[in-house]
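Listing of data_21.pdb; format and content: PDB, C-alpha atoms and all ligand atoms.
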ATOM      1  CA  MET T   1     -41.810 -14.106  34.921  1.00  0.00           C
ATOM      2  CA  ILE T   2     -41.100 -14.415  38.638  1.00  0.00           C
ATOM      3  CA  VAL T   3     -38.129 -16.584  39.566  1.00  0.00           C
ATOM      4  CA  GLY T   4     -40.134 -18.162  42.384  1.00  0.00           C
ATOM      5  CA  GLU T   5     -42.465 -19.766  39.865  1.00  0.00           C
ATOM      6  CA  PHE T   6     -39.729 -22.128  38.734  1.00  0.00           C
ATOM      7  CA  SER T   7     -40.070 -25.492  40.385  1.00  0.00           C
ATOM      8  CA  LEU T   8     -38.969 -28.005  37.784  1.00  0.00           C
ATOM      9  CA  GLY T   9     -35.603 -29.562  38.403  1.00  0.00           C
ATOM     10  CA  THR T  10     -36.161 -29.818  42.158  1.00  0.00           C
ATOM     11  CA  PRO T  11     -37.110 -33.306  43.323  1.00  0.00           C
ATOM     12  CA  ILE T  12     -40.350 -33.497  45.301  1.00  0.00           C
ATOM     13  CA  LEU T  13     -39.692 -36.958  46.689  1.00  0.00           C
ATOM     14  CA  THR T  14     -36.578 -37.862  48.639  1.00  0.00           C
ATOM     15  CA  VAL T  15     -35.362 -40.141  51.404  1.00  0.00           C
ATOM     16  CA  ASN T  16     -34.846 -38.487  54.801  1.00  0.00           C
ATOM     17  CA  GLU T  17     -32.307 -39.339  57.546  1.00  0.00           C
ATOM     18  CA  SER T  18     -34.646 -42.044  58.864  1.00  0.00           C
ATOM     19  CA  GLY T  19     -34.629 -43.808  55.503  1.00  0.00           C
ATOM     20  CA  ARG T  20     -38.266 -42.893  54.883  1.00  0.00           C
ATOM     21  CA  HIS T  21     -39.576 -41.466  51.602  1.00  0.00           C
ATOM     22  CA  VAL T  22     -40.887 -37.953  52.148  1.00  0.00           C
ATOM     23  CA  LEU T  23     -42.284 -35.138  50.081  1.00  0.00           C
ATOM     24  CA  VAL T  24     -40.075 -32.056  50.106  1.00  0.00           C
ATOM     25  CA  GLY T  25     -41.523 -28.687  49.283  1.00  0.00           C
ATOM     26  CA  SER T  26     -40.504 -25.239  50.368  1.00  0.00           C
ATOM     27  CA  ARG T  27     -41.408 -22.964  53.260  1.00  0.00           C
ATOM     28  CA  CYS T  28     -41.173 -19.211  53.478  1.00  0.00           C
ATOM     29  CA  PRO T  29     -39.292 -18.260  56.674  1.00  0.00           C
ATOM     30  CA  VAL T  30     -41.160 -14.929  56.834  1.00  0.00           C
ATOM     31  CA  CYS T  31     -44.848 -15.784  56.305  1.00  0.00           C
ATOM     32  CA  GLY T  32     -44.721 -19.581  56.656  1.00  0.00           C
ATOM     33  CA  ASP T  33     -46.258 -20.302  53.240  1.00  0.00           C
ATOM     34  CA  VAL T  34     -45.597 -23.939  52.278  1.00  0.00           C
ATOM     35  CA  ARG T  35     -45.501 -25.010  48.631  1.00  0.00           C
ATOM     36  CA  LEU T  36     -45.193 -28.252  46.708  1.00  0.00           C
ATOM     37  CA  PRO T  37     -43.427 -28.319  44.298  1.00  0.00           C
ATOM     38  CA  SER T  38     -40.977 -26.012  45.987  1.00  0.00           C
ATOM     39  CA  ARG T  39     -40.404 -22.380  45.102  1.00  0.00           C
ATOM     40  CA  THR T  40     -37.226 -20.383  45.179  1.00  0.00           C
ATOM     41  CA  LEU T  41     -38.989 -17.194  46.254  1.00  0.00           C
ATOM     42  CA  CYS T  42     -42.202 -16.687  48.205  1.00  0.00           C
ATOM     43  CA  GLY T  43     -45.042 -15.528  45.991  1.00  0.00           C
ATOM     44  CA  ALA T  44     -46.350 -13.216  48.712  1.00  0.00           C
ATOM     45  CA  ASP T  45     -43.240 -11.420  49.981  1.00  0.00           C
ATOM     46  CA  LEU T  46     -40.378 -12.544  47.694  1.00  0.00           C
ATOM     47  CA  SER T  47     -38.411 -13.983  50.622  1.00  0.00           C
ATOM     48  CA  GLU T  48     -36.024 -16.807  49.799  1.00  0.00           C
ATOM     49  CA  CYS T  49     -37.741 -20.096  50.641  1.00  0.00           C
ATOM     50  CA  VAL T  50     -36.084 -23.058  52.365  1.00  0.00           C
ATOM     51  CA  PRO T  51     -36.631 -26.780  51.757  1.00  0.00           C
ATOM     52  CA  HIS T  52     -39.419 -28.175  53.922  1.00  0.00           C
ATOM     53  CA  GLU T  53     -40.215 -31.825  54.621  1.00  0.00           C
ATOM     54  CA  LEU T  54     -43.941 -32.568  54.523  1.00  0.00           C
ATOM     55  CA  SER T  55     -45.757 -35.097  56.687  1.00  0.00           C
ATOM     56  CA  GLY T  56     -47.375 -36.925  53.759  1.00  0.00           C
ATOM     57  CA  GLU T  57     -50.756 -36.669  55.500  1.00  0.00           C
ATOM     58  CA  GLY T  58     -53.724 -35.078  53.811  1.00  0.00           C
ATOM     59  CA  THR T  59     -57.330 -35.322  52.721  1.00  0.00           C
ATOM     60  CA  VAL T  60     -58.873 -35.918  49.315  1.00  0.00           C
ATOM     61  CA  TYR T  61     -60.267 -32.743  47.769  1.00  0.00           C
ATOM     62  CA  GLU T  62     -61.555 -34.548  44.704  1.00  0.00           C
ATOM     63  CA  ALA T  63     -60.725 -37.694  42.779  1.00  0.00           C
ATOM     64  CA  VAL T  64     -61.425 -39.151  39.374  1.00  0.00           C
ATOM     65  CA  ARG T  65     -61.200 -42.696  38.079  1.00  0.00           C
ATOM     66  CA  ILE T  66     -59.051 -42.964  34.988  1.00  0.00           C
ATOM     67  CA  SER T  67     -60.618 -45.624  32.802  1.00  0.00           C
ATOM     68  CA  LEU T  68     -58.816 -44.799  29.571  1.00  0.00           C
ATOM     69  CA  ALA T  69     -55.126 -44.962  30.393  1.00  0.00           C
ATOM     70  CA  PRO T  70     -52.528 -42.753  28.773  1.00  0.00           C
ATOM     71  CA  ALA T  71     -49.537 -44.475  27.160  1.00  0.00           C
ATOM     72  CA  GLY T  72     -47.402 -46.156  29.784  1.00  0.00           C
ATOM     73  CA  PHE T  73     -50.209 -46.673  32.297  1.00  0.00           C
ATOM     74  CA  GLU T  74     -52.742 -49.405  32.956  1.00  0.00           C
ATOM     75  CA  ALA T  75     -56.361 -48.504  33.641  1.00  0.00           C
ATOM     76  CA  PRO T  76     -58.239 -48.241  35.791  1.00  0.00           C
ATOM     77  CA  PHE T  77     -56.585 -46.096  38.444  1.00  0.00           C
ATOM     78  CA  TRP T  78     -57.477 -43.073  40.520  1.00  0.00           C
ATOM     79  CA  ILE T  79     -55.927 -39.641  40.634  1.00  0.00           C
ATOM     80  CA  GLY T  80     -57.010 -36.673  42.655  1.00  0.00           C
ATOM     81  CA  TYR T  81     -56.188 -33.475  44.427  1.00  0.00           C
ATOM     82  CA  ILE T  82     -54.856 -34.023  47.926  1.00  0.00           C
ATOM     83  CA  ASP T  83     -55.049 -31.187  50.441  1.00  0.00           C
ATOM     84  CA  LEU T  84     -51.824 -31.783  52.327  1.00  0.00           C
ATOM     85  CA  ALA T  85     -51.737 -31.109  56.075  1.00  0.00           C
ATOM     86  CA  GLU T  86     -49.244 -28.270  55.572  1.00  0.00           C
ATOM     87  CA  GLY T  87     -51.472 -26.475  53.067  1.00  0.00           C
ATOM     88  CA  PRO T  88     -50.520 -27.266  49.479  1.00  0.00           C
ATOM     89  CA  ARG T  89     -53.031 -28.967  47.184  1.00  0.00           C
ATOM     90  CA  TYR T  90     -51.241 -31.641  45.185  1.00  0.00           C
ATOM     91  CA  LEU T  91     -52.358 -33.819  42.260  1.00  0.00           C
ATOM     92  CA  ALA T  92     -51.339 -37.439  42.677  1.00  0.00           C
ATOM     93  CA  GLN T  93     -52.321 -41.008  42.121  1.00  0.00           C
ATOM     94  CA  ILE T  94     -54.596 -42.512  44.802  1.00  0.00           C
ATOM     95  CA  GLU T  95     -54.577 -46.195  45.634  1.00  0.00           C
ATOM     96  CA  ALA T  96     -58.110 -47.490  46.113  1.00  0.00           C
ATOM     97  CA  ASP T  97     -60.155 -50.635  45.783  1.00  0.00           C
ATOM     98  CA  GLU T  98     -62.847 -50.720  43.108  1.00  0.00           C
ATOM     99  CA  ASP T  99     -65.500 -51.140  45.809  1.00  0.00           C
ATOM    100  CA  ALA T 100     -64.149 -48.303  47.980  1.00  0.00           C
ATOM    101  CA  PRO T 101     -63.407 -45.339  45.731  1.00  0.00           C
ATOM    102  CA  PRO T 102     -61.753 -42.245  47.209  1.00  0.00           C
ATOM    103  CA  SER T 103     -64.057 -39.340  47.908  1.00  0.00           C
ATOM    104  CA  HIS T 104     -63.957 -35.796  49.218  1.00  0.00           C
ATOM    105  CA  GLY T 105     -62.707 -35.625  52.785  1.00  0.00           C
ATOM    106  CA  ASP T 106     -61.103 -39.080  52.937  1.00  0.00           C
ATOM    107  CA  ARG T 107     -57.900 -39.023  54.968  1.00  0.00           C
ATOM    108  CA  VAL T 108     -54.884 -40.254  52.995  1.00  0.00           C
ATOM    109  CA  THR T 109     -51.215 -40.852  53.627  1.00  0.00           C
ATOM    110  CA  LEU T 110     -48.196 -40.950  51.376  1.00  0.00           C
ATOM    111  CA  THR T 111     -46.827 -44.180  50.059  1.00  0.00           C
ATOM    112  CA  VAL T 112     -44.310 -44.650  47.313  1.00  0.00           C
ATOM    113  CA  GLY T 113     -45.017 -46.907  44.435  1.00  0.00           C
ATOM    114  CA  ARG T 114     -44.332 -47.608  40.827  1.00  0.00           C
ATOM    115  CA  LEU T 115     -45.996 -45.196  38.440  1.00  0.00           C
ATOM    116  CA  GLY T 116     -46.979 -46.573  35.079  1.00  0.00           C
ATOM    117  CA  THR T 117     -45.654 -49.570  33.245  1.00  0.00           C
ATOM    118  CA  SER T 118     -42.420 -48.287  31.737  1.00  0.00           C
ATOM    119  CA  ALA T 119     -39.579 -50.778  31.383  1.00  0.00           C
ATOM    120  CA  GLU T 120     -37.432 -48.696  33.715  1.00  0.00           C
ATOM    121  CA  PRO T 121     -39.356 -48.460  37.002  1.00  0.00           C
ATOM    122  CA  LEU T 122     -40.441 -44.965  37.957  1.00  0.00           C
ATOM    123  CA  LEU T 123     -41.176 -44.483  41.649  1.00  0.00           C
ATOM    124  CA  GLY T 124     -43.474 -41.711  42.694  1.00  0.00           C
ATOM    125  CA  PRO T 125     -45.897 -40.528  45.333  1.00  0.00           C
ATOM    126  CA  ILE T 126     -49.115 -42.515  45.617  1.00  0.00           C
ATOM    127  CA  PHE T 127     -51.624 -41.714  48.344  1.00  0.00           C
ATOM    128  CA  ARG T 128     -53.543 -44.395  50.189  1.00  0.00           C
ATOM    129  CA  LYS T 129     -56.730 -44.024  52.181  1.00  0.00           C
ATOM    130  CA  VAL T 130     -56.257 -44.122  55.934  1.00  0.00           C
ATOM    131  CA  THR T 131     -58.561 -46.567  57.622  1.00  0.00           C
ATOM    132  CA  ASP T 132     -59.078 -46.300  61.349  1.00  0.00           C
ATOM    133  CA  ALA T 133     -57.914 -49.449  63.057  1.00  0.00           C
ATOM    134  CA  HIS T 134     -60.445 -50.668  65.604  1.00  0.00           C
TER     135      HIS T 134
HETATM  136 ZN    ZN K   1     -43.605 -15.463  52.460  1.00  0.00          ZN
END
Reformat the file's structure so that it appears as structure tokens.
Ligand SMILES: [Zn+2]
Amino acid sequence: MIVGEFSLGTPILTVNESGRHVLVGSRCPVCGDVRLPSRTLCGADLSECVPHELSGEGTVYEAVRISLAPAGFEAPFWIGYIDLAEGPRYLAQIEADEDAPPSHGDRVTLTVGRLGTSAEPLLGPIFRKVTDAH
């Protein structure tokens, strides 16, 4: 097993100096490969990666409506793969209205919200569709 494959134990969501929630992945200083969750070593050249703050902007690759909720969640809700602006594809919850479901190519941005219905609130990344203001 390659050490760089380990990513558990490193938080993906943190608060930056501006007080804003941001996703933090890793970036290879040699080839520029960005990953989320972060890696210790680059999968391409084994260079030691550094923490990298992501913009939280992306587009929906695909999304599915969860109508049968797992324990600790309330249905319905949407999850999907988000192609983040920096490159990684990340699976996350997507906030959407029932009459405006997320679809391939929709622009989304990071928000932070409560995941599930556990007694102790769990905050996590939730993406929201970007609507052009006119
Ligand atoms: Zn690299």
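Candidate residues T:Asp83, T:Asp132, T:Glu120, T:Glu17 were compared for distance to T:Thr59, and the nearest is T:Asp83, using only C-alpha atoms.
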- Nearby residues, (-41.4, -36.7, 45.0) file frame, 12 Å, only C-alpha atoms, as a ChimeraX atom specification: /T:8-16,21-25,36-38,53-54,56,90-92,110-113,115,122-127
- Query: Evaluating the PyMOL selection byres (((not hetatm)) within 12 of (chain K and resi 1)) on the displayed file yields which residues, as a PyMOL selection string?
  - Reply: chain T and resi 4+26-35+39-50
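Restricting the calculation to all atoms listed in the file, the smallest distance between T:Pro101 and any of T:Pro51, T:Gly19, T:Gly87, T:Gly80 is found for T:Gly80.
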- Task: Using only C-alpha atoms, pick whichever of T:Val130, T:Ala85, T:Ala75, T:Ala119 has the shortest atom-to-atom distance to T:Glu98.
- Result: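 Selected residue with least distance to T:Glu98: T:Ala75.
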- Message: Between atom CA of T:Val60 and atom CA of T:Gly72, what distance in Å does the model show, to one decimal?
- Response: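 Rounded to one decimal, the two atoms are 24.9 Å apart.
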- Write out as a ChimeraX atom specification which residues come within 10 Å of T:Ser67 when counting all atoms listed in the file, dropping same-chain ones fewer than 6 positions away. /T:74-78
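Each of T:Arg20, T:Lys129, T:Arg65, T:His52 was compared to T:Gly105 using all atoms listed in the file, and T:Lys129 turns out to be the nearest.
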- Query: Rounded to one decimal in Å, what is the spacing between atom CA of T:Arg114 and atom CA of T:Gly58?
  - Reply: 20.3 Å
- Nearest to T:Asp106: which of T:Thr131, T:Ser118, T:Gln93, T:Ser18 is it, counting all atoms listed in the file?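 Among T:Thr131, T:Ser118, T:Gln93, T:Ser18, it is T:Thr131 that comes nearest to T:Asp106.
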- Task: Have a look at atom CA of T:Ala100 and atom CA of T:Pro121 and let me know their distance in Å, one decimal.
- Result: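 For atom CA of T:Ala100 relative to atom CA of T:Pro121, the distance reads 27.1 Å.
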- Message: With only C-alpha atoms as the counted atoms, please give the residues lying no more than 8 Å from T:Ala63, apart from itself and same-chain residues fewer than 4 positions off, as a PyMOL selection string.
- Response: chain T and resi 78-81+102-104
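For the set T:Val64, T:Glu57, T:Pro70, T:Thr109, the residue with the smallest atom-to-atom gap to T:Pro88 is T:Glu57, counting all atoms listed in the file.
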Give me stretch 53-86 of chain T with N, CA and C atoms filled in, as a short mmCIF file (atom, residue, chain, number, x, y, z; two decimals), in the frame of the given file.
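Wrote it out as rebuild-v6.cif, contents follow:
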data_model
loop_
_atom_site.label_atom_id
_atom_site.label_comp_id
_atom_site.auth_asym_id
_atom_site.auth_seq_id
_atom_site.Cartn_x
_atom_site.Cartn_y
_atom_site.Cartn_z
N GLU T 53 -39.73 -30.45 54.68
CA GLU T 53 -40.22 -31.82 54.62
C GLU T 53 -41.68 -31.86 55.04
N LEU T 54 -42.52 -32.49 54.22
CA LEU T 54 -43.94 -32.57 54.52
C LEU T 54 -44.28 -33.90 55.17
N SER T 55 -45.38 -33.90 55.92
CA SER T 55 -45.76 -35.10 56.69
C SER T 55 -46.27 -36.24 55.81
N GLY T 56 -46.78 -35.90 54.62
CA GLY T 56 -47.38 -36.92 53.76
C GLY T 56 -48.82 -37.22 54.13
N GLU T 57 -49.36 -36.48 55.09
CA GLU T 57 -50.76 -36.67 55.50
C GLU T 57 -51.63 -35.65 54.78
N GLY T 58 -52.84 -36.02 54.47
CA GLY T 58 -53.72 -35.08 53.81
C GLY T 58 -55.12 -35.63 53.69
N THR T 59 -55.97 -34.87 52.99
CA THR T 59 -57.33 -35.32 52.72
C THR T 59 -57.62 -35.14 51.24
N VAL T 60 -58.50 -35.99 50.73
CA VAL T 60 -58.87 -35.92 49.32
C VAL T 60 -59.78 -34.71 49.09
N TYR T 61 -59.40 -33.85 48.16
CA TYR T 61 -60.27 -32.74 47.77
C TYR T 61 -61.26 -33.24 46.72
N GLU T 62 -60.71 -33.88 45.69
CA GLU T 62 -61.56 -34.55 44.70
C GLU T 62 -60.74 -35.63 44.01
N ALA T 63 -61.42 -36.59 43.43
CA ALA T 63 -60.72 -37.69 42.78
C ALA T 63 -61.50 -38.13 41.55
N VAL T 64 -60.78 -38.62 40.57
CA VAL T 64 -61.42 -39.15 39.37
C VAL T 64 -60.80 -40.50 39.04
N ARG T 65 -61.65 -41.37 38.49
CA ARG T 65 -61.20 -42.70 38.08
C ARG T 65 -60.78 -42.60 36.62
N ILE T 66 -59.55 -42.97 36.35
CA ILE T 66 -59.05 -42.96 34.99
C ILE T 66 -59.36 -44.33 34.38
N SER T 67 -60.24 -44.35 33.40
CA SER T 67 -60.62 -45.62 32.80
C SER T 67 -60.00 -45.82 31.42
N LEU T 68 -59.52 -44.73 30.85
CA LEU T 68 -58.82 -44.80 29.57
C LEU T 68 -57.39 -44.33 29.83
N ALA T 69 -56.47 -45.28 29.94
CA ALA T 69 -55.13 -44.96 30.39
C ALA T 69 -54.29 -44.28 29.31
N PRO T 70 -53.49 -43.31 29.71
CA PRO T 70 -52.53 -42.75 28.77
C PRO T 70 -51.42 -43.78 28.52
N ALA T 71 -50.63 -43.56 27.47
CA ALA T 71 -49.54 -44.48 27.16
C ALA T 71 -48.65 -44.65 28.38
N GLY T 72 -48.29 -45.89 28.66
CA GLY T 72 -47.40 -46.16 29.78
C GLY T 72 -48.11 -46.40 31.10
N PHE T 73 -49.44 -46.41 31.08
CA PHE T 73 -50.21 -46.67 32.30
C PHE T 73 -51.24 -47.75 32.01
N GLU T 74 -51.69 -48.41 33.07
CA GLU T 74 -52.74 -49.40 32.96
C GLU T 74 -53.98 -48.92 33.69
N ALA T 75 -55.11 -48.91 33.02
CA ALA T 75 -56.36 -48.50 33.64
C ALA T 75 -57.02 -49.72 34.26
N PRO T 76 -57.90 -49.53 35.22
CA PRO T 76 -58.24 -48.24 35.79
C PRO T 76 -57.32 -47.86 36.95
N PHE T 77 -57.24 -46.57 37.22
CA PHE T 77 -56.58 -46.10 38.44
C PHE T 77 -57.20 -44.75 38.80
N TRP T 78 -56.90 -44.32 40.02
CA TRP T 78 -57.48 -43.07 40.52
C TRP T 78 -56.41 -42.00 40.65
N ILE T 79 -56.77 -40.79 40.32
CA ILE T 79 -55.93 -39.64 40.63
C ILE T 79 -56.83 -38.61 41.30
N GLY T 80 -56.20 -37.70 42.01
CA GLY T 80 -57.01 -36.67 42.66
C GLY T 80 -56.16 -35.60 43.29
N TYR T 81 -56.85 -34.55 43.70
CA TYR T 81 -56.19 -33.48 44.43
C TYR T 81 -56.20 -33.82 45.90
N ILE T 82 -55.01 -33.76 46.50
CA ILE T 82 -54.86 -34.02 47.93
C ILE T 82 -54.56 -32.70 48.62
N ASP T 83 -55.36 -32.35 49.62
CA ASP T 83 -55.05 -31.19 50.44
C ASP T 83 -54.10 -31.66 51.53
N LEU T 84 -52.83 -31.33 51.37
CA LEU T 84 -51.82 -31.78 52.33
C LEU T 84 -51.97 -31.03 53.64
N ALA T 85 -51.57 -31.68 54.73
CA ALA T 85 -51.74 -31.11 56.08
C ALA T 85 -51.07 -29.74 56.19
N GLU T 86 -49.99 -29.53 55.47
CA GLU T 86 -49.24 -28.27 55.57
C GLU T 86 -49.81 -27.18 54.67
#
